[in-house]
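Have a look at model02.pdb; it's PDB, C-alpha atoms and all ligand atoms:
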```pdb
ATOM      1  CA  MET A   1      -8.453  -4.946  26.216
ATOM      2  CA  SER A   2     -10.885  -7.434  24.693
ATOM      3  CA  ASN A   3     -10.904  -8.171  20.991
ATOM      4  CA  THR A   4     -14.318  -6.556  20.685
ATOM      5  CA  GLN A   5     -13.034  -3.344  22.249
ATOM      6  CA  LEU A   6      -9.954  -3.373  20.051
ATOM      7  CA  ASN A   7     -12.046  -3.851  16.914
ATOM      8  CA  LEU A   8     -14.319  -0.983  17.894
ATOM      9  CA  ILE A   9     -11.389   1.376  18.497
ATOM     10  CA  ARG A  10      -9.818   0.400  15.184
ATOM     11  CA  LYS A  11     -13.106   0.907  13.377
ATOM     12  CA  GLN A  12     -13.566   4.391  14.841
ATOM     13  CA  LEU A  13      -9.988   5.346  14.047
ATOM     14  CA  ARG A  14     -10.441   4.186  10.446
ATOM     15  CA  GLN A  15     -13.546   6.343  10.064
ATOM     16  CA  GLN A  16     -11.809   9.434  11.477
ATOM     17  CA  LEU A  17      -8.687   9.058   9.397
ATOM     18  CA  ARG A  18     -10.486   8.211   6.172
ATOM     19  CA  GLN A  19     -12.545  11.341   6.550
ATOM     20  CA  LYS A  20      -9.402  13.465   6.985
ATOM     21  CA  ARG A  21      -7.847  11.866   3.934
ATOM     22  CA  ARG A  22     -10.892  12.529   1.769
ATOM     23  CA  GLN A  23     -10.875  16.201   2.763
ATOM     24  CA  LEU A  24      -7.477  16.875   1.202
ATOM     25  CA  THR A  25      -7.684  19.256  -1.749
ATOM     26  CA  PRO A  26      -6.515  18.254  -5.241
ATOM     27  CA  TYR A  27      -3.548  20.590  -4.739
ATOM     28  CA  GLN A  28      -2.602  18.944  -1.423
ATOM     29  CA  GLN A  29      -2.931  15.541  -3.065
ATOM     30  CA  LYS A  30      -0.709  16.457  -5.971
ATOM     31  CA  ASN A  31       1.912  18.105  -3.806
ATOM     32  CA  ALA A  32       1.961  15.166  -1.374
ATOM     33  CA  ALA A  33       2.336  12.659  -4.197
ATOM     34  CA  LYS A  34       5.276  14.592  -5.643
ATOM     35  CA  LYS A  35       7.148  15.057  -2.364
ATOM     36  CA  THR A  36       6.611  11.466  -1.265
ATOM     37  CA  ALA A  37       7.853  10.214  -4.622
ATOM     38  CA  GLN A  38      11.066  12.212  -4.150
ATOM     39  CA  ARG A  39      11.572  10.469  -0.804
ATOM     40  CA  LEU A  40      10.963   7.028  -2.194
ATOM     41  CA  VAL A  41      13.490   7.278  -5.002
ATOM     42  CA  LYS A  42      16.130   8.260  -2.436
ATOM     43  CA  LEU A  43      15.723   5.035  -0.433
ATOM     44  CA  PRO A  44      18.698   2.721  -0.974
ATOM     45  CA  CYS A  45      16.209  -0.111  -1.304
ATOM     46  CA  PHE A  46      14.511   1.598  -4.240
ATOM     47  CA  LYS A  47      17.826   1.904  -6.020
ATOM     48  CA  THR A  48      18.546  -1.811  -5.812
ATOM     49  CA  ALA A  49      14.965  -3.075  -6.191
ATOM     50  CA  GLN A  50      14.098  -4.634  -9.521
ATOM     51  CA  ARG A  51      10.481  -5.616  -8.906
ATOM     52  CA  ILE A  52       8.303  -3.035  -7.183
ATOM     53  CA  ALA A  53       4.595  -3.162  -6.421
ATOM     54  CA  PHE A  54       2.366  -0.103  -6.276
ATOM     55  CA  TYR A  55      -1.423   0.269  -6.079
ATOM     56  CA  GLN A  56      -4.293   2.208  -7.593
ATOM     57  CA  ALA A  57      -5.269   4.980  -5.219
ATOM     58  CA  THR A  58      -8.823   5.322  -3.967
ATOM     59  CA  ASP A  59     -10.634   7.204  -1.182
ATOM     60  CA  GLY A  60      -7.997   9.955  -0.921
ATOM     61  CA  GLU A  61      -5.020   7.596  -0.662
ATOM     62  CA  LEU A  62      -1.684   9.024  -1.660
ATOM     63  CA  ASN A  63      -1.596   8.548  -5.415
ATOM     64  CA  PRO A  64       1.462   6.648  -6.651
ATOM     65  CA  GLN A  65       0.703   7.282 -10.341
ATOM     66  CA  ALA A  66       3.626   9.679 -10.880
ATOM     67  CA  LEU A  67       5.835   7.312  -8.968
ATOM     68  CA  ILE A  68       4.904   4.425 -11.236
ATOM     69  CA  LYS A  69       5.873   6.494 -14.259
ATOM     70  CA  LEU A  70       9.156   7.397 -12.614
ATOM     71  CA  ALA A  71       9.884   3.803 -11.650
ATOM     72  CA  LEU A  72       9.177   2.653 -15.206
ATOM     73  CA  LYS A  73      11.626   5.289 -16.442
ATOM     74  CA  HIS A  74      14.219   3.862 -14.028
ATOM     75  CA  HIS A  75      13.642   0.499 -15.782
ATOM     76  CA  LYS A  76      11.993  -1.061 -12.743
ATOM     77  CA  LYS A  77       9.532  -3.895 -13.224
ATOM     78  CA  CYS A  78       6.273  -2.519 -11.802
ATOM     79  CA  TYR A  79       3.331  -4.480 -10.449
ATOM     80  CA  LEU A  80      -0.186  -3.900  -9.160
ATOM     81  CA  PRO A  81      -2.060  -6.118  -6.708
ATOM     82  CA  VAL A  82      -5.068  -8.177  -7.601
ATOM     83  CA  LEU A  83      -7.126 -10.058  -5.070
ATOM     84  CA  ARG A  84      -6.901 -13.837  -5.187
ATOM     85  CA  ARG A  85      -9.990 -15.404  -3.705
ATOM     86  CA  PHE A  86      -8.303 -18.764  -3.294
ATOM     87  CA  PRO A  87      -6.758 -20.120  -1.213
ATOM     88  CA  LYS A  88      -7.669 -17.297   1.155
ATOM     89  CA  TYR A  89      -7.920 -13.691   0.052
ATOM     90  CA  GLU A  90      -4.272 -12.973  -0.534
ATOM     91  CA  LEU A  91      -2.808 -10.579  -3.036
ATOM     92  CA  ALA A  92      -1.138 -11.549  -6.265
ATOM     93  CA  PHE A  93       0.805  -9.099  -8.396
ATOM     94  CA  VAL A  94       0.503  -8.403 -12.110
ATOM     95  CA  ARG A  95       3.147  -6.602 -14.097
ATOM     96  CA  ILE A  96       2.195  -3.299 -15.683
ATOM     97  CA  TYR A  97       3.880  -1.372 -18.462
ATOM     98  CA  ALA A  98       3.909   2.254 -19.595
ATOM     99  CA  HIS A  99       1.097   1.471 -22.019
ATOM    100  CA  SER A 100      -1.066  -0.495 -19.547
ATOM    101  CA  ARG A 101      -4.599   0.868 -19.327
ATOM    102  CA  LEU A 102      -5.575   1.425 -15.727
ATOM    103  CA  GLN A 103      -8.585   3.643 -15.969
ATOM    104  CA  LYS A 104     -11.327   3.626 -13.393
ATOM    105  CA  HIS A 105     -14.306   1.591 -14.350
ATOM    106  CA  ARG A 106     -17.898   2.043 -13.353
ATOM    107  CA  PHE A 107     -17.755  -0.100 -10.231
ATOM    108  CA  GLY A 108     -14.327   0.954  -9.003
ATOM    109  CA  PHE A 109     -10.975  -0.040 -10.353
ATOM    110  CA  LYS A 110     -10.538  -2.511 -13.098
ATOM    111  CA  GLU A 111      -8.095  -5.141 -11.931
ATOM    112  CA  PRO A 112      -5.064  -5.334 -14.153
ATOM    113  CA  GLN A 113      -5.172  -8.354 -16.414
ATOM    114  CA  GLY A 114      -2.369 -10.659 -17.303
ATOM    115  CA  ARG A 115      -0.167 -13.455 -16.174
ATOM    116  CA  PRO A 116       2.026 -14.592 -14.590
ATOM    117  CA  ARG A 117       0.895 -13.400 -11.217
ATOM    118  CA  LEU A 118       3.618 -13.119  -8.616
ATOM    119  CA  PHE A 119       3.362 -13.696  -4.900
ATOM    120  CA  ILE A 120       4.324 -10.885  -2.567
ATOM    121  CA  HIS A 121       7.602 -12.559  -1.568
ATOM    122  CA  GLN A 122       8.765 -12.565  -5.184
ATOM    123  CA  LEU A 123       8.929  -8.774  -5.115
ATOM    124  CA  ASP A 124      11.806  -6.643  -3.852
ATOM    125  CA  MET A 125       9.690  -3.761  -2.661
ATOM    126  CA  VAL A 126       5.989  -3.333  -1.960
ATOM    127  CA  CYS A 127       4.479   0.141  -1.686
ATOM    128  CA  MET A 128       1.077   0.065  -0.076
ATOM    129  CA  PRO A 129      -1.627   2.481   0.952
ATOM    130  CA  LEU A 130      -2.721   2.803   4.539
ATOM    131  CA  VAL A 131      -5.388   4.454   6.648
ATOM    132  CA  GLY A 132      -3.206   5.171   9.677
ATOM    133  CA  PHE A 133       0.361   4.685  10.846
ATOM    134  CA  ASP A 134       2.635   5.521  13.772
ATOM    135  CA  SER A 135       6.336   6.287  14.152
ATOM    136  CA  HIS A 136       7.046   2.565  14.705
ATOM    137  CA  CYS A 137       5.767   1.876  11.186
ATOM    138  CA  GLN A 138       2.695   0.055  12.426
ATOM    139  CA  ARG A 139      -0.056   0.100   9.844
ATOM    140  CA  LEU A 140      -3.828   0.307   9.968
ATOM    141  CA  GLY A 141      -5.409  -0.595   6.642
ATOM    142  CA  MET A 142      -8.964  -0.395   5.359
ATOM    143  CA  GLY A 143      -9.903  -3.515   7.318
ATOM    144  CA  GLY A 144      -9.525  -6.247   4.706
ATOM    145  CA  GLY A 145      -6.271  -7.578   6.113
ATOM    146  CA  PHE A 146      -5.056  -8.454   2.602
ATOM    147  CA  TYR A 147      -1.497  -7.231   3.013
ATOM    148  CA  ASP A 148      -1.244  -8.821   6.475
ATOM    149  CA  ARG A 149      -2.456 -12.137   5.151
ATOM    150  CA  SER A 150      -0.133 -12.027   2.153
ATOM    151  CA  LEU A 151       2.902 -11.051   4.220
ATOM    152  CA  ALA A 152       2.223 -13.711   6.837
ATOM    153  CA  ARG A 153       3.567 -16.401   4.507
ATOM    154  CA  LYS A 154       7.286 -16.118   4.840
ATOM    155  CA  LYS A 155       8.775 -17.870   1.889
ATOM    156  CA  TRP A 156      12.015 -17.279   0.040
ATOM    157  CA  GLY A 157      12.881 -13.614   0.263
ATOM    158  CA  GLN A 158      10.857 -10.983   1.957
ATOM    159  CA  ALA A 159       9.897  -7.773   0.205
ATOM    160  CA  PHE A 160      10.804  -4.413   1.723
ATOM    161  CA  THR A 161       7.438  -2.924   2.692
ATOM    162  CA  VAL A 162       6.752   0.787   2.379
ATOM    163  CA  GLY A 163       3.593   2.621   3.391
ATOM    164  CA  LEU A 164       2.834   5.776   1.418
ATOM    165  CA  ALA A 165       0.822   8.258   3.438
ATOM    166  CA  HIS A 166      -0.330  11.792   3.978
ATOM    167  CA  GLN A 167       0.924  13.507   7.107
ATOM    168  CA  CYS A 168      -2.625  13.662   8.531
ATOM    169  CA  GLN A 169      -2.661   9.860   8.743
ATOM    170  CA  GLN A 170      -0.090   9.701  11.524
ATOM    171  CA  VAL A 171      -1.282   8.865  15.031
ATOM    172  CA  THR A 172       0.688   8.492  18.275
ATOM    173  CA  GLN A 173       0.107   4.769  18.458
ATOM    174  CA  ILE A 174      -1.812   2.371  16.237
ATOM    175  CA  PRO A 175      -3.872  -0.036  18.357
ATOM    176  CA  ILE A 176      -2.353  -3.152  16.815
ATOM    177  CA  ALA A 177      -3.845  -6.606  16.475
ATOM    178  CA  ALA A 178      -1.875  -9.829  16.802
ATOM    179  CA  TRP A 179      -1.771 -10.407  13.024
ATOM    180  CA  ASP A 180      -0.723  -6.882  11.972
ATOM    181  CA  MET A 181       2.540  -6.821  10.058
ATOM    182  CA  ALA A 182       4.653  -3.726  10.732
ATOM    183  CA  LEU A 183       6.148  -2.008   7.701
ATOM    184  CA  ASN A 184       9.842  -1.434   6.997
ATOM    185  CA  ALA A 185       9.189   2.207   6.208
ATOM    186  CA  VAL A 186       6.451   4.798   6.049
ATOM    187  CA  LEU A 187       6.925   7.832   3.831
ATOM    188  CA  THR A 188       4.934  11.034   3.987
ATOM    189  CA  PRO A 189       5.607  14.305   2.157
ATOM    190  CA  ASN A 190       7.329  15.624   5.294
ATOM    191  CA  GLN A 191       9.113  12.650   6.773
ATOM    192  CA  SER A 192      10.583   9.209   6.201
ATOM    193  CA  HIS A 193      10.065   6.720   9.022
ATOM    194  CA  LEU A 194      12.314   3.703   8.908
ATOM    195  CA  ARG A 195      12.131   0.751  11.243
TER     196      ARG A 195
HETATM  197  N1  LIG B 201      -2.277 -13.797   8.638
HETATM  198  C1  LIG B 201      -3.615 -13.827   8.670
HETATM  199  N2  LIG B 201      -4.273 -14.999   8.584
HETATM  200  C2  LIG B 201      -5.600 -15.036   8.622
HETATM  201  N3  LIG B 201      -6.399 -13.958   8.745
HETATM  202  C3  LIG B 201      -5.817 -12.762   8.824
HETATM  203  C4  LIG B 201      -4.398 -12.632   8.791
HETATM  204  N4  LIG B 201      -4.105 -11.321   8.895
HETATM  205  C5  LIG B 201      -5.282 -10.667   9.003
HETATM  206  N5  LIG B 201      -6.317 -11.527   8.952
HETATM  207  C6  LIG B 201      -7.745 -11.187   9.072
HETATM  208  O1  LIG B 201      -8.048 -10.031   8.318
HETATM  209  C7  LIG B 201      -8.969  -9.228   9.033
HETATM  210  C8  LIG B 201      -8.646  -7.771   8.823
HETATM  211  O2  LIG B 201      -7.350  -7.472   9.330
HETATM  212  P1  LIG B 201      -7.011  -6.001   9.830
HETATM  213  O3  LIG B 201      -5.590  -5.987  10.313
HETATM  214  O4  LIG B 201      -8.053  -5.545  10.804
HETATM  215  O5  LIG B 201      -7.192  -5.136   8.498
HETATM  216  P2  LIG B 201      -6.179  -4.074   7.860
HETATM  217  O6  LIG B 201      -4.777  -4.615   7.997
HETATM  218  O7  LIG B 201      -6.641  -3.932   6.474
HETATM  219  O8  LIG B 201      -6.338  -2.838   8.688
HETATM  220  C9  LIG B 201      -8.877  -9.625  10.493
HETATM  221  O9  LIG B 201     -10.168  -9.856  10.990
HETATM  222  C10 LIG B 201      -8.041 -10.866  10.526
HETATM  223  O10 LIG B 201      -8.754 -11.919  11.100
HETATM  224 MG    MG B 202      -3.823  -5.140   9.732
END
```
Take the structure in the file and give it back as structure tokens.
Ligand SMILES: Nc1ncnc2c1ncn2[C@@H]1O[C@H](COP(=O)(O)OP(=O)(O)O)[C@@H](O)[C@H]1O
Ligand SMILES: [Mg+2]
Amino acid sequence: MSNTQLNLIRKQLRQQLRQKRRQLTPYQQKNAAKKTAQRLVKLPCFKTAQRIAFYQATDGELNPQALIKLALKHHKKCYLPVLRRFPKYELAFVRIYAHSRLQKHRFGFKEPQGRPRLFIHQLDMVCMPLVGFDSHCQRLGMGGGFYDRSLARKKWGQAFTVGLAHQCQQVTQIPIAAWDMALNAVLTPNQSHLR
């Protein structure tokens, strides 16, 4: 398959799956968030992790808000990603606290403020959203490649990567690109996939 074909297939799959995700009802969203959180806290890696990154959900993504609260209660250090434009669109991570204000702002999400900003490999666990996944823990994101780019630098330790997803985001096989980084685990309300 040519790169052009692959890109087209990935683009179409993203559109389909994003539409499904947006159609979930508030009840389905809430229930999914709760059940997935219960799975995450049971992972041995969660128990030992000290620094854990989450995200701010958008476009129907599984909302980790309750999970962040829970993690803070477990005395975990919690982080959210911010986009670094230099050197090349990688993610940096800013610590958040129970009192951090993370409300939506007019043009989307306000990036959390503060320093220091950690690199992805300084974290023990990184929970990330996804558009699609398969049983091999391959991930299709929104198309920015930010997590792939950040994870491509293998320095020091490597964070345990976890995709948080709705069941409707699973496909038989993600058409992967050469640079895609597979996840260590994908959790949905119904199932935990570990690689
Ligand atoms: N390690 C990397 N180095 C440089 N560019 C990358 C890297 N990983 C991904 N990219 C770029 O990011 C873009 C989006 O990646 P893609 O995997 O399609 O998005 P997503 O992972 O969000 O679904 C690709 O066009 C690719 O060229
Ligand atoms: Mg990718």
Using only C-alpha atoms, which residues sit within 6 Å of region 79-96 of chain A once same-chain residues fewer than 2 positions away are excluded, as a compact mmCIF listing (two decimals) with C-alpha atoms, in the frame of the given file?
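Ended up saving to result.txt:
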```
# COMPACT_ATOMS: atom_id res chain seq x y z
CA ALA A 53 4.60 -3.16 -6.42
CA PHE A 54 2.37 -0.10 -6.28
CA TYR A 55 -1.42 0.27 -6.08
CA SER A 100 -1.07 -0.50 -19.55
CA ARG A 117 0.90 -13.40 -11.22
CA LEU A 118 3.62 -13.12 -8.62
CA PHE A 119 3.36 -13.70 -4.90
CA PHE A 146 -5.06 -8.45 2.60
CA SER A 150 -0.13 -12.03 2.15
```
Might you spell out which residues the PyMOL selection byres (((chain A and resi 148) around 12) and not hetatm) would select in the displayed file, as a PyMOL selection string? chain A and resi 88-91+120+128+130+138-147+149-154+161+176-183
- Message: Could you check the closest approach to Ser192 (chain A) for each of A:His75, A:Arg115, A:Lys42, A:Lys30 and tell me which residue wins, using only C-alpha atoms?
- Response: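 Looking at the shortest contact to Ser192 (chain A), the residue is A:Lys42.
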Open item on the list: I'd like the interatomic distance between atom P1 of ligand LIG 201 (chain B) and CA of Cys78 (chain A), to a tenth of an Å.
Closed with: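 Distance between the two atoms: 25.6 Å.
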Of A:Thr172, A:Gly163, A:Arg39, A:Met125, the one nearest to ligand LIG 201 (chain B) when counting only C-alpha atoms and all ligand atoms is A:Gly163
Inset, instruction - Find the distance between CA of Thr25 (chain A) and CA of Cys127 (chain A) and write it in Å to one decimal. - result: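 Taking CA of Thr25 (chain A) and CA of Cys127 (chain A), their separation equals 22.7 Å.
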Query raised in the report: From the set A:Gln56, A:Ala33, A:Leu13, A:Met1, which residue has the shortest atom-to-atom contact distance to ligand LIG 201 (chain B), counting all atoms listed in the file?
Result: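 Going through A:Gln56, A:Ala33, A:Leu13, A:Met1 one by one, the smallest distance to ligand LIG 201 (chain B) is for A:Leu13.
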In terms of all atoms listed in the file, the residue from A:Ala37, A:Cys168, A:Ala32, A:Ile9 at minimal distance from ligand LIG 201 (chain B) is A:Ile9
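Of note, CA of Ala57 (chain A) and CA of Pro129 (chain A) are spaced 7.6 Å apart.
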Counting only C-alpha atoms, which residues have an atom no more than 12 Å from (17.2, 6.3, -7.5) in the file's coordinates? Please list them as a PyMOL selection string. chain A and resi 37-50+67+70-76
Counting only C-alpha atoms and all ligand atoms, the residue of A:Phe160, A:Tyr27, A:Tyr97, A:Phe133 that sits nearest ligand LIG 201 (chain B):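 Checking each of A:Phe160, A:Tyr27, A:Tyr97, A:Phe133 against ligand LIG 201 (chain B), counting only C-alpha atoms and all ligand atoms, the winner is A:Phe133.
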Residue with the minimum atom-to-atom distance to ligand MG 202 (chain B), picked from A:Ile174, A:Val162, A:Leu123, A:Ala66 with all atoms listed in the file counted, is A:Ile174
#### Entry: Long-range neighbours of Ser135 (chain A) as number ranges by chain, 12 Å cut-off, only C-alpha atoms, 6 positions minimum in chain
A: 163, 167, 169-174, 182-188, 191-195
Padded axis-aligned box of ligand LIG 201 (chain B) (3 Å per side), centre and edge lengths, Å, one decimal, as lines of an AutoDock Vina configuration file:
```
center_x = -6.2
center_y = -8.9
center_z = 8.8
size_x = 13.9
size_y = 18.2
size_z = 10.6
```
Q.
Residues near Thr58 (chain A), anyone? I mean within 12 Å using only C-alpha atoms, not counting same-chain ones fewer than 2 positions away, as number ranges by chain.
A. A: 18, 21-22, 29, 55-56, 60-65, 104, 108-109, 128-131, 142
